[in-house]
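Dropping data26.pdb in here (PDB, C-alpha atoms):
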ATOM      1  CA  MET T   1      11.603 -64.326  14.523
ATOM      2  CA  GLU T   2      12.940 -66.068  17.596
ATOM      3  CA  ALA T   3      15.107 -69.093  18.355
ATOM      4  CA  ARG T   4      14.568 -70.727  21.758
ATOM      5  CA  GLY T   5      16.992 -73.350  23.029
ATOM      6  CA  LEU T   6      17.639 -74.461  19.462
ATOM      7  CA  GLN T   7      19.526 -77.767  19.173
ATOM      8  CA  LYS T   8      20.657 -79.971  16.314
ATOM      9  CA  THR T   9      22.529 -83.211  16.936
ATOM     10  CA  TYR T  10      23.790 -85.584  14.244
ATOM     11  CA  SER T  11      24.733 -89.219  14.692
ATOM     12  CA  VAL T  12      28.218 -89.738  13.227
ATOM     13  CA  SER T  13      29.895 -93.074  12.568
ATOM     14  CA  ARG T  14      33.260 -93.662  14.272
ATOM     15  CA  GLY T  15      34.160 -96.495  11.898
ATOM     16  CA  VAL T  16      33.448-100.202  11.677
ATOM     17  CA  PHE T  17      34.179-100.941  15.351
ATOM     18  CA  GLY T  18      33.709 -97.485  16.844
ATOM     19  CA  GLY T  19      29.926 -97.306  16.779
ATOM     20  CA  HIS T  20      28.259 -93.920  16.534
ATOM     21  CA  ALA T  21      28.804 -90.636  18.344
ATOM     22  CA  ALA T  22      26.611 -87.574  18.814
ATOM     23  CA  LEU T  23      27.788 -84.398  17.098
ATOM     24  CA  ARG T  24      26.108 -81.316  18.547
ATOM     25  CA  ALA T  25      26.160 -78.885  15.633
ATOM     26  CA  VAL T  26      23.847 -76.431  17.437
ATOM     27  CA  ASP T  27      23.557 -76.577  21.216
ATOM     28  CA  GLY T  28      21.009 -74.333  22.915
ATOM     29  CA  VAL T  29      20.967 -71.217  20.712
ATOM     30  CA  ASP T  30      18.671 -68.338  21.741
ATOM     31  CA  PHE T  31      18.090 -65.009  19.985
ATOM     32  CA  LYS T  32      15.408 -62.700  18.620
ATOM     33  CA  VAL T  33      15.279 -60.502  15.530
ATOM     34  CA  ALA T  34      12.678 -57.767  15.107
ATOM     35  CA  ALA T  35      11.396 -55.952  12.033
ATOM     36  CA  ASN T  36      13.821 -53.404  10.585
ATOM     37  CA  HIS T  37      16.718 -54.987  12.495
ATOM     38  CA  VAL T  38      19.729 -57.113  11.580
ATOM     39  CA  PHE T  39      20.882 -59.905  13.883
ATOM     40  CA  SER T  40      24.268 -61.289  12.852
ATOM     41  CA  LEU T  41      25.879 -64.601  13.746
ATOM     42  CA  VAL T  42      29.681 -64.704  13.645
ATOM     43  CA  GLY T  43      32.325 -67.283  14.475
ATOM     44  CA  GLU T  44      34.916 -69.608  13.011
ATOM     45  CA  SER T  45      34.067 -72.070  10.250
ATOM     46  CA  GLY T  46      32.276 -75.112  11.634
ATOM     47  CA  CYS T  47      30.766 -73.347  14.647
ATOM     48  CA  GLY T  48      27.181 -74.049  13.525
ATOM     49  CA  LYS T  49      26.130 -70.779  11.857
ATOM     50  CA  SER T  50      24.824 -72.348   8.640
ATOM     51  CA  THR T  51      23.048 -75.105  10.579
ATOM     52  CA  VAL T  52      21.183 -72.392  12.477
ATOM     53  CA  ALA T  53      20.191 -70.875   9.108
ATOM     54  CA  ARG T  54      18.807 -74.219   7.918
ATOM     55  CA  LEU T  55      16.834 -74.604  11.130
ATOM     56  CA  LEU T  56      15.353 -71.104  10.859
ATOM     57  CA  LEU T  57      14.169 -71.906   7.338
ATOM     58  CA  ARG T  58      12.849 -75.345   8.339
ATOM     59  CA  LEU T  59      15.177 -76.996   5.854
ATOM     60  CA  THR T  60      16.119 -79.433   8.606
ATOM     61  CA  ASN T  61      14.356 -80.461  11.803
ATOM     62  CA  PRO T  62      15.783 -79.626  15.239
ATOM     63  CA  THR T  63      16.736 -82.119  17.901
ATOM     64  CA  GLY T  64      15.330 -79.744  20.491
ATOM     65  CA  GLY T  65      14.114 -76.199  21.008
ATOM     66  CA  GLN T  66      11.848 -74.022  18.892
ATOM     67  CA  VAL T  67      11.863 -71.514  16.079
ATOM     68  CA  LEU T  68       9.022 -69.016  16.452
ATOM     69  CA  HIS T  69       7.739 -66.820  13.649
ATOM     70  CA  LYS T  70       5.265 -64.196  14.876
ATOM     71  CA  GLY T  71       4.695 -66.378  17.931
ATOM     72  CA  SER T  72       3.954 -69.624  16.042
ATOM     73  CA  ASP T  73       6.167 -72.709  16.268
ATOM     74  CA  VAL T  74       7.592 -73.104  12.760
ATOM     75  CA  PHE T  75       7.966 -76.885  13.080
ATOM     76  CA  ALA T  76       4.280 -77.335  13.969
ATOM     77  CA  LEU T  77       3.015 -75.571  10.826
ATOM     78  CA  LYS T  78       1.174 -77.539   8.147
ATOM     79  CA  GLY T  79      -0.693 -76.923   4.912
ATOM     80  CA  ASP T  80      -1.533 -73.304   4.125
ATOM     81  CA  ASP T  81       0.171 -72.078   7.301
ATOM     82  CA  LEU T  82       3.441 -73.705   6.250
ATOM     83  CA  LYS T  83       3.130 -72.258   2.751
ATOM     84  CA  ALA T  84       2.589 -68.791   4.251
ATOM     85  CA  PHE T  85       5.722 -69.271   6.371
ATOM     86  CA  ARG T  86       7.729 -70.249   3.280
ATOM     87  CA  ARG T  87       6.638 -67.002   1.695
ATOM     88  CA  SER T  88       7.435 -64.904   4.789
ATOM     89  CA  VAL T  89      10.990 -66.195   5.316
ATOM     90  CA  GLN T  90      13.412 -66.199   2.389
ATOM     91  CA  ILE T  91      17.135 -66.865   1.963
ATOM     92  CA  ILE T  92      20.077 -65.348   0.110
ATOM     93  CA  PHE T  93      22.659 -68.054  -0.537
ATOM     94  CA  GLN T  94      26.429 -67.803  -0.337
ATOM     95  CA  ASP T  95      27.123 -68.796  -3.958
ATOM     96  CA  PRO T  96      24.841 -66.863  -6.349
ATOM     97  CA  PHE T  97      25.817 -68.927  -9.397
ATOM     98  CA  ALA T  98      25.111 -72.294  -7.732
ATOM     99  CA  SER T  99      21.748 -71.074  -6.437
ATOM    100  CA  LEU T 100      20.458 -69.970  -9.863
ATOM    101  CA  ASN T 101      19.110 -72.416 -12.443
ATOM    102  CA  PRO T 102      21.418 -72.016 -15.486
ATOM    103  CA  ARG T 103      18.583 -73.002 -17.863
ATOM    104  CA  ARG T 104      16.169 -70.315 -16.695
ATOM    105  CA  THR T 105      16.117 -66.691 -17.710
ATOM    106  CA  VAL T 106      15.988 -63.930 -15.133
ATOM    107  CA  TYR T 107      12.281 -63.494 -15.862
ATOM    108  CA  GLU T 108      11.553 -67.188 -15.260
ATOM    109  CA  THR T 109      13.606 -67.154 -12.048
ATOM    110  CA  LEU T 110      11.849 -64.115 -10.580
ATOM    111  CA  SER T 111       8.321 -64.954 -11.726
ATOM    112  CA  GLU T 112       8.310 -68.534 -10.420
ATOM    113  CA  PRO T 113       7.940 -67.588  -6.693
ATOM    114  CA  MET T 114       5.025 -65.304  -7.568
ATOM    115  CA  LYS T 115       3.407 -68.115  -9.542
ATOM    116  CA  ILE T 116       3.844 -70.629  -6.701
ATOM    117  CA  HIS T 117       2.293 -68.310  -4.126
ATOM    118  CA  GLY T 118      -0.387 -66.905  -6.448
ATOM    119  CA  LEU T 119       0.570 -63.315  -5.716
ATOM    120  CA  ALA T 120      -0.622 -61.736  -8.947
ATOM    121  CA  ASP T 121      -2.219 -62.448 -12.293
ATOM    122  CA  LYS T 122       0.262 -63.800 -14.812
ATOM    123  CA  SER T 123      -0.202 -60.706 -16.984
ATOM    124  CA  ALA T 124       1.215 -58.576 -14.158
ATOM    125  CA  PHE T 125       4.419 -60.621 -13.809
ATOM    126  CA  PRO T 126       6.528 -58.661 -16.351
ATOM    127  CA  ASP T 127       5.890 -55.345 -14.611
ATOM    128  CA  ARG T 128       6.538 -56.873 -11.209
ATOM    129  CA  VAL T 129       9.814 -58.413 -12.411
ATOM    130  CA  ARG T 130      10.928 -55.065 -13.858
ATOM    131  CA  ASP T 131      10.182 -53.394 -10.520
ATOM    132  CA  LEU T 132      12.184 -56.020  -8.649
ATOM    133  CA  LEU T 133      15.157 -55.613 -10.960
ATOM    134  CA  LYS T 134      14.968 -51.833 -10.633
ATOM    135  CA  THR T 135      14.984 -52.220  -6.841
ATOM    136  CA  VAL T 136      18.318 -54.074  -7.007
ATOM    137  CA  GLY T 137      19.777 -51.723  -9.626
ATOM    138  CA  MET T 138      19.353 -53.752 -12.811
ATOM    139  CA  VAL T 139      17.365 -53.066 -16.000
ATOM    140  CA  ASP T 140      16.697 -54.769 -19.354
ATOM    141  CA  VAL T 141      18.029 -58.167 -18.298
ATOM    142  CA  MET T 142      14.845 -60.268 -18.096
ATOM    143  CA  ASP T 143      15.707 -62.460 -21.092
ATOM    144  CA  ARG T 144      19.298 -63.186 -20.101
ATOM    145  CA  TYR T 145      20.760 -66.264 -18.376
ATOM    146  CA  PRO T 146      22.918 -66.502 -15.208
ATOM    147  CA  HIS T 147      26.179 -67.201 -17.065
ATOM    148  CA  GLU T 148      25.882 -63.796 -18.757
ATOM    149  CA  PHE T 149      26.328 -61.896 -15.492
ATOM    150  CA  SER T 150      29.129 -61.096 -13.075
ATOM    151  CA  GLY T 151      29.100 -62.443  -9.522
ATOM    152  CA  GLY T 152      27.728 -59.194  -8.120
ATOM    153  CA  GLN T 153      24.954 -59.068 -10.714
ATOM    154  CA  ARG T 154      23.987 -62.676  -9.960
ATOM    155  CA  GLN T 155      23.761 -61.867  -6.258
ATOM    156  CA  ARG T 156      21.496 -58.917  -7.069
ATOM    157  CA  ILE T 157      19.245 -61.316  -8.982
ATOM    158  CA  CYS T 158      19.203 -63.639  -5.964
ATOM    159  CA  ILE T 159      18.214 -60.725  -3.735
ATOM    160  CA  ALA T 160      15.441 -59.809  -6.189
ATOM    161  CA  ARG T 161      14.213 -63.414  -6.074
ATOM    162  CA  ALA T 162      14.094 -63.279  -2.265
ATOM    163  CA  LEU T 163      12.080 -60.055  -2.471
ATOM    164  CA  ALA T 164       9.662 -61.399  -5.096
ATOM    165  CA  VAL T 165       7.169 -62.697  -2.514
ATOM    166  CA  SER T 166       7.390 -59.662  -0.171
ATOM    167  CA  PRO T 167       8.943 -61.542   2.773
ATOM    168  CA  GLU T 168       9.199 -60.354   6.366
ATOM    169  CA  VAL T 169      12.497 -62.077   7.216
ATOM    170  CA  ILE T 170      15.540 -62.747   5.061
ATOM    171  CA  VAL T 171      18.263 -65.168   6.149
ATOM    172  CA  ALA T 172      21.516 -64.179   4.440
ATOM    173  CA  ASP T 173      24.096 -66.980   4.686
ATOM    174  CA  GLU T 174      27.532 -65.536   3.842
ATOM    175  CA  PRO T 175      26.052 -63.571   0.902
ATOM    176  CA  LEU T 176      29.220 -61.527   0.292
ATOM    177  CA  SER T 177      32.005 -64.080   0.716
ATOM    178  CA  SER T 178      32.283 -64.995  -2.982
ATOM    179  CA  LEU T 179      32.408 -61.357  -4.172
ATOM    180  CA  ASP T 180      35.311 -58.951  -4.460
ATOM    181  CA  VAL T 181      35.563 -56.016  -2.069
ATOM    182  CA  SER T 182      34.078 -53.319  -4.330
ATOM    183  CA  ILE T 183      31.073 -55.504  -5.178
ATOM    184  CA  GLN T 184      30.663 -56.423  -1.500
ATOM    185  CA  ALA T 185      30.239 -52.733  -0.686
ATOM    186  CA  GLN T 186      27.520 -52.350  -3.333
ATOM    187  CA  ILE T 187      25.563 -55.387  -2.115
ATOM    188  CA  LEU T 188      25.984 -54.340   1.507
ATOM    189  CA  ASN T 189      24.601 -50.871   0.829
ATOM    190  CA  LEU T 190      21.707 -52.458  -1.071
ATOM    191  CA  LEU T 191      20.842 -54.653   1.932
ATOM    192  CA  ILE T 192      20.913 -51.640   4.258
ATOM    193  CA  GLU T 193      18.664 -49.680   1.903
ATOM    194  CA  LEU T 194      16.202 -52.598   1.744
ATOM    195  CA  LYS T 195      16.098 -52.835   5.536
ATOM    196  CA  GLU T 196      15.387 -49.126   5.892
ATOM    197  CA  THR T 197      12.789 -48.894   3.122
ATOM    198  CA  THR T 198      10.893 -52.185   3.578
ATOM    199  CA  GLY T 199      11.199 -52.910   7.314
ATOM    200  CA  LEU T 200      12.670 -56.346   6.651
ATOM    201  CA  ALA T 201      14.283 -58.335   9.447
ATOM    202  CA  PHE T 202      17.643 -59.908   8.544
ATOM    203  CA  VAL T 203      19.508 -62.821  10.066
ATOM    204  CA  PHE T 204      22.981 -62.202   8.652
ATOM    205  CA  ILE T 205      25.614 -64.935   8.842
ATOM    206  CA  SER T 206      29.213 -63.964   8.204
ATOM    207  CA  HIS T 207      32.823 -64.377   9.295
ATOM    208  CA  ASP T 208      33.768 -60.869   8.110
ATOM    209  CA  LEU T 209      33.597 -58.683  11.215
ATOM    210  CA  ARG T 210      34.025 -55.457   9.262
ATOM    211  CA  VAL T 211      30.814 -56.193   7.362
ATOM    212  CA  VAL T 212      29.019 -57.265  10.537
ATOM    213  CA  ARG T 213      30.003 -54.050  12.337
ATOM    214  CA  TYR T 214      28.682 -51.933   9.457
ATOM    215  CA  LEU T 215      25.379 -53.762   8.988
ATOM    216  CA  SER T 216      24.218 -55.171  12.319
ATOM    217  CA  ASP T 217      21.987 -54.017  15.143
ATOM    218  CA  PHE T 218      22.706 -57.068  17.320
ATOM    219  CA  VAL T 219      25.404 -59.744  17.149
ATOM    220  CA  GLY T 220      25.712 -63.292  18.454
ATOM    221  CA  VAL T 221      29.181 -64.857  18.672
ATOM    222  CA  MET T 222      29.175 -68.652  18.201
ATOM    223  CA  TYR T 223      31.745 -71.225  19.268
ATOM    224  CA  LEU T 224      31.244 -74.977  18.836
ATOM    225  CA  GLY T 225      27.485 -74.746  18.460
ATOM    226  CA  LYS T 226      26.852 -72.296  21.311
ATOM    227  CA  ILE T 227      26.369 -68.543  21.477
ATOM    228  CA  VAL T 228      29.086 -67.382  23.889
ATOM    229  CA  GLU T 229      28.275 -63.673  23.697
ATOM    230  CA  ARG T 230      25.220 -61.748  22.517
ATOM    231  CA  ALA T 231      24.992 -57.957  22.505
ATOM    232  CA  PRO T 232      24.033 -54.821  20.590
ATOM    233  CA  ALA T 233      26.613 -54.415  17.837
ATOM    234  CA  VAL T 234      28.024 -51.127  19.141
ATOM    235  CA  GLU T 235      28.557 -52.532  22.648
ATOM    236  CA  LEU T 236      30.083 -55.771  21.432
ATOM    237  CA  PHE T 237      32.627 -54.098  19.174
ATOM    238  CA  ASP T 238      33.484 -51.328  21.634
ATOM    239  CA  SER T 239      33.728 -53.492  24.765
ATOM    240  CA  PRO T 240      33.758 -57.259  24.133
ATOM    241  CA  LEU T 241      33.385 -59.417  27.237
ATOM    242  CA  HIS T 242      34.167 -62.970  26.164
ATOM    243  CA  PRO T 243      37.869 -63.773  25.509
ATOM    244  CA  TYR T 244      36.890 -65.482  22.248
ATOM    245  CA  THR T 245      35.149 -62.307  21.055
ATOM    246  CA  GLU T 246      38.234 -60.282  21.995
ATOM    247  CA  VAL T 247      40.478 -62.565  19.950
ATOM    248  CA  LEU T 248      38.129 -62.461  16.943
ATOM    249  CA  LEU T 249      38.090 -58.665  16.976
ATOM    250  CA  ALA T 250      41.862 -58.492  17.367
ATOM    251  CA  ALA T 251      42.285 -60.798  14.357
ATOM    252  CA  ALA T 252      40.253 -58.509  12.093
ATOM    253  CA  PRO T 253      42.619 -56.040  10.370
ATOM    254  CA  GLU T 254      42.099 -52.435  11.494
ATOM    255  CA  LEU T 255      38.582 -53.161  12.685
ATOM    256  CA  VAL T 256      39.032 -50.929  15.706
ATOM    257  CA  PRO T 257      42.096 -48.661  15.261
ATOM    258  CA  GLY T 258      44.209 -48.401  18.382
ATOM    259  CA  ARG T 259      42.649 -51.404  20.162
ATOM    260  CA  LYS T 260      45.050 -53.394  22.312
ATOM    261  CA  LYS T 261      45.863 -56.590  20.433
ATOM    262  CA  GLU T 262      45.087 -59.861  22.147
ATOM    263  CA  PRO T 263      47.529 -62.768  21.727
ATOM    264  CA  PRO T 264      46.604 -65.121  18.876
ATOM    265  CA  LEU T 265      44.624 -68.233  19.652
ATOM    266  CA  GLN T 266      46.708 -71.267  20.510
ATOM    267  CA  GLY T 267      45.888 -74.805  19.423
ATOM    268  CA  GLU T 268      43.133 -76.179  17.240
ATOM    269  CA  VAL T 269      39.363 -76.063  17.632
ATOM    270  CA  PRO T 270      38.354 -79.123  19.707
ATOM    271  CA  SER T 271      36.499 -81.861  17.875
ATOM    272  CA  PRO T 272      32.726 -81.566  18.356
ATOM    273  CA  LEU T 273      32.773 -85.369  18.775
ATOM    274  CA  ASP T 274      35.108 -85.060  21.759
ATOM    275  CA  MET T 275      34.190 -81.866  23.563
ATOM    276  CA  PRO T 276      36.338 -80.721  26.493
ATOM    277  CA  SER T 277      34.830 -80.590  29.958
ATOM    278  CA  GLY T 278      33.703 -77.272  31.361
ATOM    279  CA  CYS T 279      33.881 -74.286  29.047
ATOM    280  CA  PRO T 280      34.410 -75.514  25.455
ATOM    281  CA  PHE T 281      36.791 -72.603  24.834
ATOM    282  CA  HIS T 282      39.036 -73.151  27.867
ATOM    283  CA  PRO T 283      41.779 -75.222  26.094
ATOM    284  CA  ARG T 284      42.515 -72.204  23.871
ATOM    285  CA  CYS T 285      41.555 -69.330  26.174
ATOM    286  CA  PRO T 286      44.335 -66.843  27.082
ATOM    287  CA  LYS T 287      42.486 -65.998  30.334
ATOM    288  CA  VAL T 288      41.664 -69.500  31.547
ATOM    289  CA  PHE T 289      41.499 -70.080  35.317
ATOM    290  CA  GLU T 290      40.443 -72.824  37.722
ATOM    291  CA  PRO T 291      36.622 -73.121  37.222
ATOM    292  CA  CYS T 292      36.858 -73.110  33.411
ATOM    293  CA  SER T 293      37.831 -76.766  33.035
ATOM    294  CA  ARG T 294      35.168 -78.016  35.477
ATOM    295  CA  ILE T 295      32.023 -75.942  35.042
ATOM    296  CA  THR T 296      30.236 -75.145  31.774
ATOM    297  CA  PRO T 297      29.283 -71.453  31.855
ATOM    298  CA  GLU T 298      25.721 -70.490  31.003
ATOM    299  CA  LEU T 299      24.729 -67.524  28.872
ATOM    300  CA  ARG T 300      23.797 -64.903  31.468
ATOM    301  CA  GLY T 301      23.377 -61.164  31.647
ATOM    302  CA  ASP T 302      20.963 -58.268  31.571
ATOM    303  CA  ALA T 303      19.004 -58.104  28.301
ATOM    304  CA  PRO T 304      19.927 -57.472  25.595
ATOM    305  CA  ARG T 305      23.526 -58.341  26.570
ATOM    306  CA  ALA T 306      24.660 -61.762  27.733
ATOM    307  CA  VAL T 307      27.937 -63.677  27.991
ATOM    308  CA  ALA T 308      28.882 -67.269  28.822
ATOM    309  CA  CYS T 309      32.153 -66.787  30.717
ATOM    310  CA  HIS T 310      33.297 -67.349  34.305
ATOM    311  CA  LEU T 311      35.187 -64.058  34.197
ATOM    312  CA  HIS T 312      31.885 -62.158  34.146
ATOM    313  CA  ASN T 313      29.402 -64.557  35.776
ATOM    314  CA  ALA T 314      29.452 -65.680  39.383
ATOM    315  CA  TYR T 315      29.173 -69.418  40.005
TER     316      TYR T 315
END
Using structure tokens, write down the structure from this file.
Amino acid sequence: MEARGLQKTYSVSRGVFGGHAALRAVDGVDFKVAANHVFSLVGESGCGKSTVARLLLRLTNPTGGQVLHKGSDVFALKGDDLKAFRRSVQIIFQDPFASLNPRRTVYETLSEPMKIHGLADKSAFPDRVRDLLKTVGMVDVMDRYPHEFSGGQRQRICIARALAVSPEVIVADEPLSSLDVSIQAQILNLLIELKETTGLAFVFISHDLRVVRYLSDFVGVMYLGKIVERAPAVELFDSPLHPYTEVLLAAAPELVPGRKKEPPLQGEVPSPLDMPSGCPFHPRCPKVFEPCSRITPELRGDAPRAVACHLHNAY
């Protein structure tokens, strides 16, 4: 799957006499994710990560750019091609309880996607559901309801539902944030096992850098709708280039033992309705210098690493 110049702008009211303003939730995002790889998006709340997830799944239409799945423009698909895309790309939601129908049993929840996509004869559904539950480490629960499970068990059911149609890509939007640490580790290991055994591609969205470091092959760091640094996970965590990435890593407790701590970020995140000139990060950047307030840096670098910062790019 690939995002090319992906943009999403919303029109926001400024009040009775203020008219409307453009809010750029996603502004020119580019990345690729291959089979058997995990591409993670990280950044502060409100940076546009979940909007990117909605665009990848075609749950909302972009203002500009493309999402390509196996070379085809997702937003141009219709009919059977669109239905095939829906099958190929699945999501794991942040809140497992909210994303499960409380009136449906586990069997009904897991068999419905197979019924919609006509993947097997109805008589084969029970065996298929048992296999899915076994894959996520659960047995003898087909006739139970969501309220009868713990948070970790519900998330396992959600993962089984995503796997029910044998997808090629799974978008995981903060799938661990509502779980306690011990359950997070179990779900994380399950996702890694699925990637290695099935060849799935994952787009993993998180603010927990410890999880991202453990799971990811490539990472994109987002700030105010833009990717400001993109790199293989090992390179990004060992030698971050963008000052924002450095501050994020320094804020994560014991992520890299012995790393020199960067000073904490000063000030608040600028309003996306009133973006600063030049680099959007420059009002808070500890390394700001003259060009930063005038010129907006572009994402540049030798593939697969790129950074949008005047410290590393010549202008």
> Hey, which of T:Glu174, T:Glu108, T:Glu196, T:Asp81 ends up closest to Arg144 (chain T)? Count only C-alpha atoms.
Replying inline: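 So, comparing all the options, the nearest one is T:Glu108.
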> At a cut-off of 12 Å from (10.5, -65.6, -11.0) in the coordinates of the file, what residues are picked up using all atoms listed in the file, written as a count of residues only?
Replying inline: 39
Evaluate the PyMOL selection byres ((chain T and resi 303) around 10) here and jot the selected residues down as an mmCIF file with C-alpha atoms, in the coordinates of the input.
data_model
loop_
_atom_site.group_PDB
_atom_site.id
_atom_site.type_symbol
_atom_site.label_atom_id
_atom_site.label_comp_id
_atom_site.auth_asym_id
_atom_site.auth_seq_id
_atom_site.Cartn_x
_atom_site.Cartn_y
_atom_site.Cartn_z
ATOM 1 C CA ARG T 230 25.220 -61.748 22.517
ATOM 2 C CA ALA T 231 24.992 -57.957 22.505
ATOM 3 C CA PRO T 232 24.033 -54.821 20.590
ATOM 4 C CA ARG T 300 23.797 -64.903 31.468
ATOM 5 C CA GLY T 301 23.377 -61.164 31.647
ATOM 6 C CA ASP T 302 20.963 -58.268 31.571
ATOM 7 C CA PRO T 304 19.927 -57.472 25.595
ATOM 8 C CA ARG T 305 23.526 -58.341 26.570
ATOM 9 C CA ALA T 306 24.660 -61.762 27.733
#
Using all atoms listed in the file, I'd like a table of the residues in region 195-237 of chain T that come within 7 Å of region 10-34 of chain T; for each, show the closest atom pair and its distance in Å rounded to one decimal, ordered by chain and ascending number, as a tab-separated table.
residue	atom	partner	partner_atom	distance
T:Ala201	CA	T:Ala34	CA	5.9
T:Gly225	CA	T:Val26	CA	4.1
T:Lys226	CA	T:Asp27	CA	5.4
T:Ile227	CA	T:Val29	CA	6.1
>> Selection in question (the file shown): the PyMOL selection byres ((chain T and resi 59) around 12). Which residues does it include, as an MDAnalysis selection string?
In response: chainID T and resid 50:58 60:62 74:75 86 89:91
Take the residues that were just selected and, keeping C-alpha atoms, output them as a PDB file, keeping the file's coordinate frame.
ATOM      1  CA  SER T  50      24.824 -72.348   8.640  1.00  0.00           C
ATOM      2  CA  THR T  51      23.048 -75.105  10.579  1.00  0.00           C
ATOM      3  CA  VAL T  52      21.183 -72.392  12.477  1.00  0.00           C
ATOM      4  CA  ALA T  53      20.191 -70.875   9.108  1.00  0.00           C
ATOM      5  CA  ARG T  54      18.807 -74.219   7.918  1.00  0.00           C
ATOM      6  CA  LEU T  55      16.834 -74.604  11.130  1.00  0.00           C
ATOM      7  CA  LEU T  56      15.353 -71.104  10.859  1.00  0.00           C
ATOM      8  CA  LEU T  57      14.169 -71.906   7.338  1.00  0.00           C
ATOM      9  CA  ARG T  58      12.849 -75.345   8.339  1.00  0.00           C
ATOM     10  CA  THR T  60      16.119 -79.433   8.606  1.00  0.00           C
ATOM     11  CA  ASN T  61      14.356 -80.461  11.803  1.00  0.00           C
ATOM     12  CA  PRO T  62      15.783 -79.626  15.239  1.00  0.00           C
ATOM     13  CA  VAL T  74       7.592 -73.104  12.760  1.00  0.00           C
ATOM     14  CA  PHE T  75       7.966 -76.885  13.080  1.00  0.00           C
ATOM     15  CA  ARG T  86       7.729 -70.249   3.280  1.00  0.00           C
ATOM     16  CA  VAL T  89      10.990 -66.195   5.316  1.00  0.00           C
ATOM     17  CA  GLN T  90      13.412 -66.199   2.389  1.00  0.00           C
ATOM     18  CA  ILE T  91      17.135 -66.865   1.963  1.00  0.00           C
TER      19      ILE T  91
END
> In Å, how far is it from CA of Glu44 (chain T) to CA of Leu190 (chain T)?
Replying inline: 25.8 Å
Please provide as a PDB file with C-alpha atoms, in the coordinates of the input all residues within 12 Å of region 310-313 of chain T, with the sequence filter that same-chain residues fewer than 4 positions apart are discarded (counting only C-alpha atoms).
ATOM      1  CA  VAL T 228      29.086 -67.382  23.889  1.00  0.00           C
ATOM      2  CA  GLU T 229      28.275 -63.673  23.697  1.00  0.00           C
ATOM      3  CA  PRO T 240      33.758 -57.259  24.133  1.00  0.00           C
ATOM      4  CA  LEU T 241      33.385 -59.417  27.237  1.00  0.00           C
ATOM      5  CA  HIS T 242      34.167 -62.970  26.164  1.00  0.00           C
ATOM      6  CA  PRO T 243      37.869 -63.773  25.509  1.00  0.00           C
ATOM      7  CA  GLY T 278      33.703 -77.272  31.361  1.00  0.00           C
ATOM      8  CA  CYS T 279      33.881 -74.286  29.047  1.00  0.00           C
ATOM      9  CA  PHE T 281      36.791 -72.603  24.834  1.00  0.00           C
ATOM     10  CA  HIS T 282      39.036 -73.151  27.867  1.00  0.00           C
ATOM     11  CA  CYS T 285      41.555 -69.330  26.174  1.00  0.00           C
ATOM     12  CA  PRO T 286      44.335 -66.843  27.082  1.00  0.00           C
ATOM     13  CA  LYS T 287      42.486 -65.998  30.334  1.00  0.00           C
ATOM     14  CA  VAL T 288      41.664 -69.500  31.547  1.00  0.00           C
ATOM     15  CA  PHE T 289      41.499 -70.080  35.317  1.00  0.00           C
ATOM     16  CA  GLU T 290      40.443 -72.824  37.722  1.00  0.00           C
ATOM     17  CA  PRO T 291      36.622 -73.121  37.222  1.00  0.00           C
ATOM     18  CA  CYS T 292      36.858 -73.110  33.411  1.00  0.00           C
ATOM     19  CA  SER T 293      37.831 -76.766  33.035  1.00  0.00           C
ATOM     20  CA  ARG T 294      35.168 -78.016  35.477  1.00  0.00           C
ATOM     21  CA  ILE T 295      32.023 -75.942  35.042  1.00  0.00           C
ATOM     22  CA  THR T 296      30.236 -75.145  31.774  1.00  0.00           C
ATOM     23  CA  PRO T 297      29.283 -71.453  31.855  1.00  0.00           C
ATOM     24  CA  GLU T 298      25.721 -70.490  31.003  1.00  0.00           C
ATOM     25  CA  LEU T 299      24.729 -67.524  28.872  1.00  0.00           C
ATOM     26  CA  ARG T 300      23.797 -64.903  31.468  1.00  0.00           C
ATOM     27  CA  GLY T 301      23.377 -61.164  31.647  1.00  0.00           C
ATOM     28  CA  ASP T 302      20.963 -58.268  31.571  1.00  0.00           C
ATOM     29  CA  ARG T 305      23.526 -58.341  26.570  1.00  0.00           C
ATOM     30  CA  ALA T 306      24.660 -61.762  27.733  1.00  0.00           C
TER      31      ALA T 306
END
> Between T:Phe93, T:Gly267, T:Ser88, T:Gly43, which is the closest to Glu246 (chain T) once you count all atoms listed in the file?
Replying inline: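 Using all atoms listed in the file, the shortest distance to Glu246 (chain T) belongs to T:Gly43.
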> Written as a ChimeraX atom specification, which residues does the PyMOL selection byres ((chain T and resi 67) around 6) give for the file shown?
Replying inline: /T:2-3,66,68,73-74
> With distances taken over all atoms listed in the file, which of T:Ser166, T:Thr245, T:Ser271, T:Ser40 is nearest to Ala84 (chain T)?
Replying inline: T:Ser166
> Expressed in Å to a single decimal, how great is the separation between CA of Lys70 (chain T) and CA of Val212 (chain T)?
Replying inline: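 Computed distance, CA of Lys70 (chain T) to CA of Val212 (chain T), equals 25.1 Å.
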> Any idea what the distance is between CA of Gln184 (chain T) and CA of Asp217 (chain T)?
Replying inline: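 These atoms are spaced 18.9 Å apart.
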>> Counting all atoms listed in the file, which residue out of T:Met1, T:Leu179, T:Val234, T:Ala76 sits closest to Leu200 (chain T)?
In response: T:Met1
> Out of T:Arg213, T:Lys195, T:Arg4, T:Lys134, which residue has the shortest atom-to-atom distance to Glu168 (chain T) when counting only C-alpha atoms?
Replying inline: T:Lys195
>> When you count only C-alpha atoms, which of these residues is closest to Ser182 (chain T): T:Gly199, T:Gly151, T:Pro280, T:Gly5?
In response: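 Of T:Gly199, T:Gly151, T:Pro280, T:Gly5, the one nearest Ser182 (chain T), counting only C-alpha atoms, is T:Gly151.
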Please write out, as lines of an AutoDock Vina configuration file, where the centre of an axis-aligned box around all listed atoms of region 76-82 of chain T lies and how long its edges are, in Å to one decimal, after adding 5 Å on each side.
center_x = 1.4
center_y = -74.8
center_z = 9.0
size_x = 15.8
size_y = 15.5
size_z = 19.8
